[in-house]
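> Structure supplied as structure.cif; contents: mmCIF, C-alpha atoms.
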data_coords
loop_
_atom_site.label_atom_id
_atom_site.label_comp_id
_atom_site.auth_asym_id
_atom_site.auth_seq_id
_atom_site.Cartn_x
_atom_site.Cartn_y
_atom_site.Cartn_z
CA MET W 1 0.00 0.00 0.00
CA LEU W 2 2.79 2.38 0.95
CA VAL W 3 4.70 1.45 -2.20
CA ASP W 4 1.68 2.24 -4.36
CA PHE W 5 1.26 5.59 -2.61
CA ILE W 6 4.90 6.49 -3.22
CA LYS W 7 4.64 5.47 -6.88
CA GLU W 8 1.51 7.56 -7.30
CA MET W 9 3.15 10.60 -5.69
CA TRP W 10 6.25 10.18 -7.83
CA THR W 11 4.15 9.94 -11.00
CA THR W 12 2.26 13.10 -10.01
CA VAL W 13 5.48 15.01 -9.35
CA VAL W 14 7.02 13.91 -12.66
CA TYR W 15 3.83 14.87 -14.50
CA LYS W 16 3.74 18.32 -12.90
CA ILE W 17 7.39 18.93 -13.74
CA SER W 18 6.78 17.89 -17.33
CA GLU W 19 4.08 20.59 -17.54
CA PHE W 20 6.58 23.34 -16.74
CA PRO W 21 7.47 25.42 -19.81
CA GLN W 22 10.94 24.83 -21.14
CA MET W 23 13.31 27.74 -20.54
CA GLY W 24 15.57 28.84 -23.32
CA PHE W 25 18.55 31.19 -23.35
CA THR W 26 16.39 34.22 -24.20
CA ASP W 27 14.07 33.43 -21.26
CA PHE W 28 17.05 33.34 -18.92
CA ILE W 29 18.33 36.70 -20.23
CA ASP W 30 14.81 38.13 -19.91
CA ILE W 31 14.60 37.14 -16.23
CA ILE W 32 18.07 38.53 -15.48
CA ILE W 33 17.23 41.91 -17.06
CA VAL W 34 13.93 42.23 -15.20
CA ALA W 35 15.57 41.27 -11.90
CA TYR W 36 18.37 43.81 -12.45
CA ILE W 37 15.91 46.61 -13.30
CA PHE W 38 13.89 45.83 -10.17
CA TYR W 39 17.06 45.76 -8.06
CA MET W 40 18.27 49.12 -9.40
CA PHE W 41 14.80 50.56 -8.78
CA LEU W 42 15.04 49.55 -5.11
CA VAL W 43 18.56 51.00 -4.88
CA TRP W 44 17.28 54.27 -6.31
CA ILE W 45 14.25 54.69 -4.04
CA ARG W 46 15.85 53.58 -0.76
CA GLU W 47 17.41 57.03 -0.21
CA THR W 48 14.34 59.01 -1.28
CA ARG W 49 10.97 59.79 0.28
CA ALA W 50 9.49 57.09 -1.93
CA TRP W 51 11.13 54.40 0.23
CA SER W 52 8.73 55.07 3.11
CA LEU W 53 5.86 55.05 0.64
CA ILE W 54 6.84 51.65 -0.72
CA LYS W 55 6.92 50.18 2.80
CA GLY W 56 3.50 51.67 3.47
CA ILE W 57 2.08 50.19 0.27
CA LEU W 58 3.45 46.74 1.15
CA PHE W 59 1.91 46.96 4.62
CA ILE W 60 -1.50 47.93 3.21
CA PHE W 61 -1.30 45.14 0.61
CA LEU W 62 -0.49 42.51 3.25
CA ALA W 63 -3.24 43.81 5.53
CA ARG W 64 -5.74 43.53 2.68
CA GLN W 65 -4.76 39.90 2.02
CA ILE W 66 -5.04 39.02 5.72
CA PHE W 67 -8.48 40.61 6.08
CA ASP W 68 -9.68 38.87 2.93
CA ALA W 69 -8.43 35.50 4.21
CA LEU W 70 -10.22 36.06 7.55
CA GLY W 71 -13.47 36.88 5.81
CA LEU W 72 -13.44 40.54 6.82
CA TYR W 73 -14.62 41.65 3.41
CA THR W 74 -15.73 45.16 4.38
CA LEU W 75 -12.27 45.96 5.76
CA ALA W 76 -10.62 44.35 2.75
CA PHE W 77 -12.79 46.39 0.36
CA SER W 78 -12.07 49.62 2.27
CA ILE W 79 -8.31 49.02 2.18
CA GLU W 80 -8.45 48.12 -1.51
CA SER W 81 -10.28 51.39 -2.25
CA LEU W 82 -7.73 53.31 -0.18
CA PHE W 83 -4.94 51.53 -2.04
CA ASN W 84 -6.33 52.57 -5.44
CA VAL W 85 -6.65 56.21 -4.36
CA GLY W 86 -3.18 56.07 -2.79
CA LEU W 87 -1.54 55.12 -6.08
CA ILE W 88 -2.98 58.21 -7.75
CA ALA W 89 -1.95 60.40 -4.81
CA ALA W 90 1.59 58.96 -4.94
CA ILE W 91 2.03 60.11 -8.53
CA VAL W 92 1.10 63.65 -7.48
CA LEU W 93 3.15 63.70 -4.27
CA PHE W 94 6.29 62.26 -5.83
CA GLN W 95 6.19 64.16 -9.09
CA PRO W 96 9.73 65.64 -8.54
CA GLU W 97 11.28 62.16 -8.14
CA ILE W 98 9.45 60.82 -11.21
CA ARG W 99 10.47 63.86 -13.24
CA ARG W 100 14.11 63.49 -12.21
CA ALA W 101 14.09 59.81 -13.17
CA LEU W 102 12.66 60.58 -16.61
CA GLU W 103 15.24 63.35 -17.10
CA GLN W 104 18.04 60.92 -16.28
CA ILE W 105 16.69 58.42 -18.80
CA GLY W 106 16.44 61.22 -21.39
CA LYS W 107 20.08 62.10 -20.78
CA GLY W 108 21.11 58.51 -21.40
CA LYS W 109 21.45 57.50 -17.74
CA PHE W 110 19.47 54.30 -17.97
CA ILE W 111 20.71 53.08 -14.58
CA ILE W 112 18.66 55.35 -12.35
CA THR W 113 20.49 56.11 -9.12
CA SER W 114 21.10 59.18 -7.00
CA ALA W 115 23.88 57.52 -5.01
CA GLU W 116 26.65 59.25 -6.94
CA ASP W 117 25.21 62.72 -6.32
CA ASP W 118 24.55 61.92 -2.66
CA TYR W 119 28.08 60.69 -2.02
CA ARG W 120 29.59 63.66 -3.82
CA ARG W 121 27.58 66.12 -1.75
CA LEU W 122 28.14 64.37 1.58
CA ASN W 123 31.85 63.85 0.98
CA LYS W 124 32.19 67.54 0.14
CA GLU W 125 30.56 68.50 3.46
CA ILE W 126 32.86 66.16 5.37
CA LEU W 127 35.99 67.31 3.55
CA ASP W 128 35.10 70.98 4.04
CA ALA W 129 34.74 70.35 7.77
CA ILE W 130 38.06 68.47 7.93
CA LYS W 131 39.87 71.26 6.09
CA LYS W 132 38.48 73.92 8.41
CA LEU W 133 39.23 71.87 11.54
CA ALA W 134 42.79 71.27 10.32
CA ASP W 135 43.36 74.94 9.52
CA GLU W 136 42.17 75.92 13.00
CA ARG W 137 44.01 73.00 14.65
CA THR W 138 40.84 71.74 16.28
CA GLY W 139 41.10 68.12 17.35
CA ALA W 140 38.48 65.87 15.79
CA LEU W 141 37.61 62.23 15.21
CA ILE W 142 35.02 61.41 12.52
CA CYS W 143 34.09 57.78 11.82
CA ILE W 144 32.19 56.81 8.68
CA GLU W 145 30.21 53.58 8.93
CA LYS W 146 30.30 51.21 5.96
CA SER W 147 28.90 47.66 5.81
CA ILE W 148 29.59 46.70 9.46
CA PRO W 149 27.14 48.50 11.80
CA LEU W 150 28.58 50.71 14.55
CA ARG W 151 25.41 50.79 16.64
CA ASP W 152 27.13 49.52 19.79
CA PHE W 153 29.58 52.44 19.71
CA MET W 154 26.84 54.96 18.91
CA MET W 155 25.09 53.97 22.14
CA THR W 156 28.11 55.12 24.16
CA GLY W 157 27.61 58.71 23.00
CA ILE W 158 24.81 61.21 22.44
CA GLU W 159 22.34 60.50 19.66
CA ILE W 160 22.05 63.34 17.13
CA ASP W 161 20.46 61.91 13.95
CA SER W 162 21.04 65.00 11.85
CA MET W 163 21.87 65.81 8.25
CA ILE W 164 25.58 65.96 7.51
CA SER W 165 26.86 69.52 7.21
CA SER W 166 30.33 70.98 7.57
CA GLN W 167 29.05 73.70 9.93
CA LEU W 168 27.57 71.19 12.38
CA LEU W 169 30.65 68.97 12.31
CA CYS W 170 32.88 71.95 13.07
CA ASN W 171 30.62 73.13 15.89
CA ILE W 172 30.62 69.71 17.55
CA PHE W 173 34.40 69.74 17.95
CA VAL W 174 34.75 73.30 19.27
CA ASP W 175 36.85 73.12 22.43
CA LYS W 176 35.03 73.15 25.81
CA THR W 177 31.67 72.29 24.25
CA PRO W 178 29.80 69.27 25.72
CA LEU W 179 30.24 67.01 22.65
CA HIS W 180 33.78 67.86 21.55
CA ASP W 181 35.48 65.07 23.53
CA GLY W 182 34.90 61.79 21.73
CA ALA W 183 34.11 60.55 18.25
CA VAL W 184 31.38 61.50 15.80
CA ILE W 185 29.88 58.55 13.93
CA LEU W 186 28.29 59.03 10.52
CA SER W 187 25.79 56.35 9.54
CA LYS W 188 23.40 56.07 6.59
CA ASN W 189 24.25 59.55 5.34
CA ARG W 190 23.44 61.08 8.74
CA ILE W 191 25.36 62.33 11.76
CA ALA W 192 24.21 59.50 14.02
CA ALA W 193 25.94 60.28 17.33
CA ALA W 194 28.67 62.37 18.96
CA ALA W 195 30.92 62.05 22.02
CA CYS W 196 31.18 58.31 21.35
CA ILE W 197 33.70 56.15 23.19
CA LEU W 198 35.77 53.88 20.96
CA PRO W 199 38.10 50.93 21.69
CA VAL W 200 41.78 51.88 21.86
CA THR W 201 44.26 49.85 19.83
CA ALA W 202 46.91 47.79 21.62
CA GLN W 203 49.45 48.11 18.82
CA GLU W 204 52.23 50.69 18.88
CA ILE W 205 51.44 53.46 16.41
CA GLY W 206 53.80 56.15 17.68
CA LYS W 207 54.42 57.64 21.10
CA GLU W 208 53.70 61.14 19.83
CA LEU W 209 50.14 60.19 18.90
CA GLY W 210 47.29 60.68 21.33
CA THR W 211 44.07 58.95 22.30
CA ARG W 212 42.17 60.06 19.19
CA HIS W 213 44.59 58.30 16.86
CA ARG W 214 44.62 55.15 19.00
CA ALA W 215 40.83 55.09 19.15
CA ALA W 216 40.59 55.55 15.38
CA VAL W 217 42.89 52.58 14.76
CA GLY W 218 41.07 50.55 17.41
CA LEU W 219 37.71 51.04 15.73
CA SER W 220 39.14 50.24 12.29
CA GLU W 221 40.42 46.94 13.71
CA VAL W 222 36.93 45.74 14.61
CA SER W 223 35.02 47.20 11.63
CA ASP W 224 35.47 48.29 8.03
CA CYS W 225 34.81 51.94 8.83
CA ILE W 226 36.89 54.94 7.80
CA ALA W 227 38.11 56.93 10.85
CA ILE W 228 39.44 60.43 10.14
CA VAL W 229 41.56 62.16 12.80
CA VAL W 230 42.56 65.82 12.97
CA SER W 231 45.53 66.45 15.26
CA GLU W 232 45.00 69.16 17.84
CA GLU W 233 48.73 69.88 18.10
CA THR W 234 49.79 69.94 14.44
CA GLY W 235 46.55 70.21 12.45
CA LYS W 236 47.66 67.23 10.37
CA VAL W 237 44.99 64.78 9.19
CA SER W 238 45.28 61.00 9.43
CA VAL W 239 42.96 58.19 8.34
CA ALA W 240 42.60 54.79 10.01
CA SER W 241 41.37 51.91 7.89
CA GLY W 242 41.74 48.15 8.24
CA GLY W 243 43.76 48.50 11.44
CA LYS W 244 46.34 50.75 9.79
CA LEU W 245 46.97 54.47 10.24
CA PHE W 246 47.77 56.64 7.24
CA ARG W 247 49.30 59.86 8.48
CA LYS W 248 49.68 63.43 7.23
CA LEU W 249 47.33 63.08 4.29
CA SER W 250 46.20 65.83 1.95
CA ILE W 251 42.52 66.57 1.32
CA HIS W 252 42.81 64.95 -2.12
CA GLU W 253 44.28 61.77 -0.61
CA ILE W 254 41.52 61.65 2.00
CA GLU W 255 38.89 62.10 -0.71
CA ASN W 256 40.22 59.04 -2.54
CA MET W 257 39.75 56.95 0.62
CA MET W 258 36.20 58.10 1.29
CA PRO W 259 33.26 55.74 0.67
CA ASN W 260 31.55 56.18 -2.70
CA GLU W 261 28.73 54.65 -4.73
CA ASN W 262 31.04 51.86 -5.97
CA SER W 263 32.26 50.83 -2.52
CA ASP W 264 28.67 50.68 -1.31
CA GLU W 265 27.39 48.59 -4.23
CA LYS W 266 28.18 45.23 -2.64
CA SER W 267 26.23 45.98 0.52
CA ALA W 268 23.32 47.72 -1.21
CA PHE W 269 21.25 44.55 -1.53
CA PHE W 270 21.61 43.76 2.18
CA SER W 271 20.81 47.37 3.08
CA ILE W 272 17.57 47.06 1.12
CA LEU W 273 16.65 43.90 3.00
CA ARG W 274 17.42 45.56 6.34
CA GLY W 275 15.26 48.51 5.32
CA LEU W 276 12.32 46.26 4.51
CA LEU W 277 12.53 44.63 7.93
CA LYS W 278 12.58 47.94 9.85
#
Please go through the file and, once you have read it, give me the structure as C-alpha cells.

Amino acid sequence: MLVDFIKEMWTTVVYKISEFPQMGFTDFIDIIIVAYIFYMFLVWIRETRAWSLIKGILFIFLARQIFDALGLYTLAFSIESLFNVGLIAAIVLFQPEIRRALEQIGKGKFIITSAEDDYRRLNKEILDAIKKLADERTGALICIEKSIPLRDFMMTGIEIDSMISSQLLCNIFVDKTPLHDGAVILSKNRIAAAACILPVTAQEIGKELGTRHRAAVGLSEVSDCIAIVVSEETGKVSVASGGKLFRKLSIHEIENMMPNENSDEKSAFFSILRGLLK
C-alpha cells in the first residue's frame, strides 16, 4: 500500500514537472534583465521619500490579504479602495522624483540612481569640515560607517540623527563644548551620534600620537569603517582603515579613501533587505 502511494506521488510530481514550460537562453536573459531593473529601482528609491511610501504600500497590501483571508470583506474592500486612491496620490506627491528619473533616462542614464550625487555632496561636506578643523588646529575624530554597523559604539555617545553639514561637524568639535570630547559617527548619510567612546588599539602606532589616533585605529580593527583624525597639536589629518593608520594626508588623498557609490554597491542589496525589515 505504501509502495503504491509512493509510486503515485512520484508519478504526479514527474507529471507536474513535465508541464513546466521549457526555458531557453532568451528566457534566462529576460529574467536577469527584469531582476536587475527591479534591483536598481530599489537601490534608487531607498534614499528618497518614496522608500517610506513603498513600505507603506506593502503593509497595506499585506493587511488587505489578511483581512480577505479572515473573511473581513468590508475591511478588505475599504483598504483596496484606499490603495487605489493612494496610487494616484503617490504620482502627485512624488512628481519631482518621477520627473528626475525621466530626465536621467532622457540624458542617457538608464541606470537610475542618486547615489553618486549623494556621495559627492556628503563627501564635500565632510571634507570641508576636515579642512576647516585642520586649519584651525581643532582636534576631531570622525568615523564613517560602511557595511559593518557601529550601533554599539553609537550607544556610548549622544544621539544626534542630523543631516551631515560641515558647519555642524565643526561646531561639535569646538573646544570646551559638551560634545567635543569623543568621536562623531556618521551612519546612513546622517550624523548619528557624537561624544562616542571607541576601543583603543593595543598596537604601537607612535608615542607622539594621542588617544584620538589610537581610538581611530582601534575602531578600524573591529570594523570596516573609515576613521578620520585631525591632530590638535599639528593640524595634520590621518585616516585609520583596516587597522592601519595613514598619516599626514592631503585633502585629495583623503577624498580618494572616502566611501563612494562603488564601494557601497556590494552591501546595497543587504541594506535594502534591512530597510524592509525595519
> Applying 8 Å and only C-alpha atoms, which residues near Val237 (chain W) remain after dropping the ones on its own chain fewer than 5 positions away? List them as a PDB file with C-alpha atoms, in the frame of the given file.

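Generated output (around-v7.pdb):
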ATOM      1  CA  ILE W 130      38.060  68.470   7.930  1.00  0.00           C
ATOM      2  CA  ALA W 134      42.790  71.270  10.320  1.00  0.00           C
ATOM      3  CA  ILE W 228      39.440  60.430  10.140  1.00  0.00           C
ATOM      4  CA  VAL W 229      41.560  62.160  12.800  1.00  0.00           C
ATOM      5  CA  VAL W 230      42.560  65.820  12.970  1.00  0.00           C
ATOM      6  CA  SER W 231      45.530  66.450  15.260  1.00  0.00           C
ATOM      7  CA  ARG W 247      49.300  59.860   8.480  1.00  0.00           C
ATOM      8  CA  LYS W 248      49.680  63.430   7.230  1.00  0.00           C
ATOM      9  CA  LEU W 249      47.330  63.080   4.290  1.00  0.00           C
ATOM     10  CA  SER W 250      46.200  65.830   1.950  1.00  0.00           C
TER      11      SER W 250
END
> Which residues, written as a ChimeraX atom specification, have at least one atom at most 8 Å from Glu255 (chain W), with only C-alpha atoms counted and residues fewer than 4 positions away on the same chain left out?
/W:123,127,251
> Quick one: pull the distance between CA of Leu75 (chain W) and CA of Leu58 (chain W), Å, one decimal.
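Value for the CA of Leu75 (chain W)-CA of Leu58 (chain W) distance: 16.4 Å.
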> Using all atoms listed in the file, which of the listed residues (W:Lys188, W:Lys146, W:Lys176, W:Lys132) sits closest to Ser162 (chain W)?
W:Lys188
> Using all atoms listed in the file, pick whichever of W:Leu245, W:Val174, W:Val222, W:Ile164 has the shortest atom-to-atom distance to Ile191 (chain W).
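Among the listed residues, W:Ile164 lies closest to Ile191 (chain W).
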> Restricting the calculation to all atoms listed in the file, which member of W:Met155, W:Ala215, W:Ile148, W:Cys143 is positioned closest to Leu186 (chain W)?
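So, comparing all the options, the nearest one is W:Cys143.
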> Distance CA of Ile160 (chain W)-CA of Phe246 (chain W), one decimal place?
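Result for CA of Ile160 (chain W) versus CA of Phe246 (chain W): 28.4 Å, one decimal.
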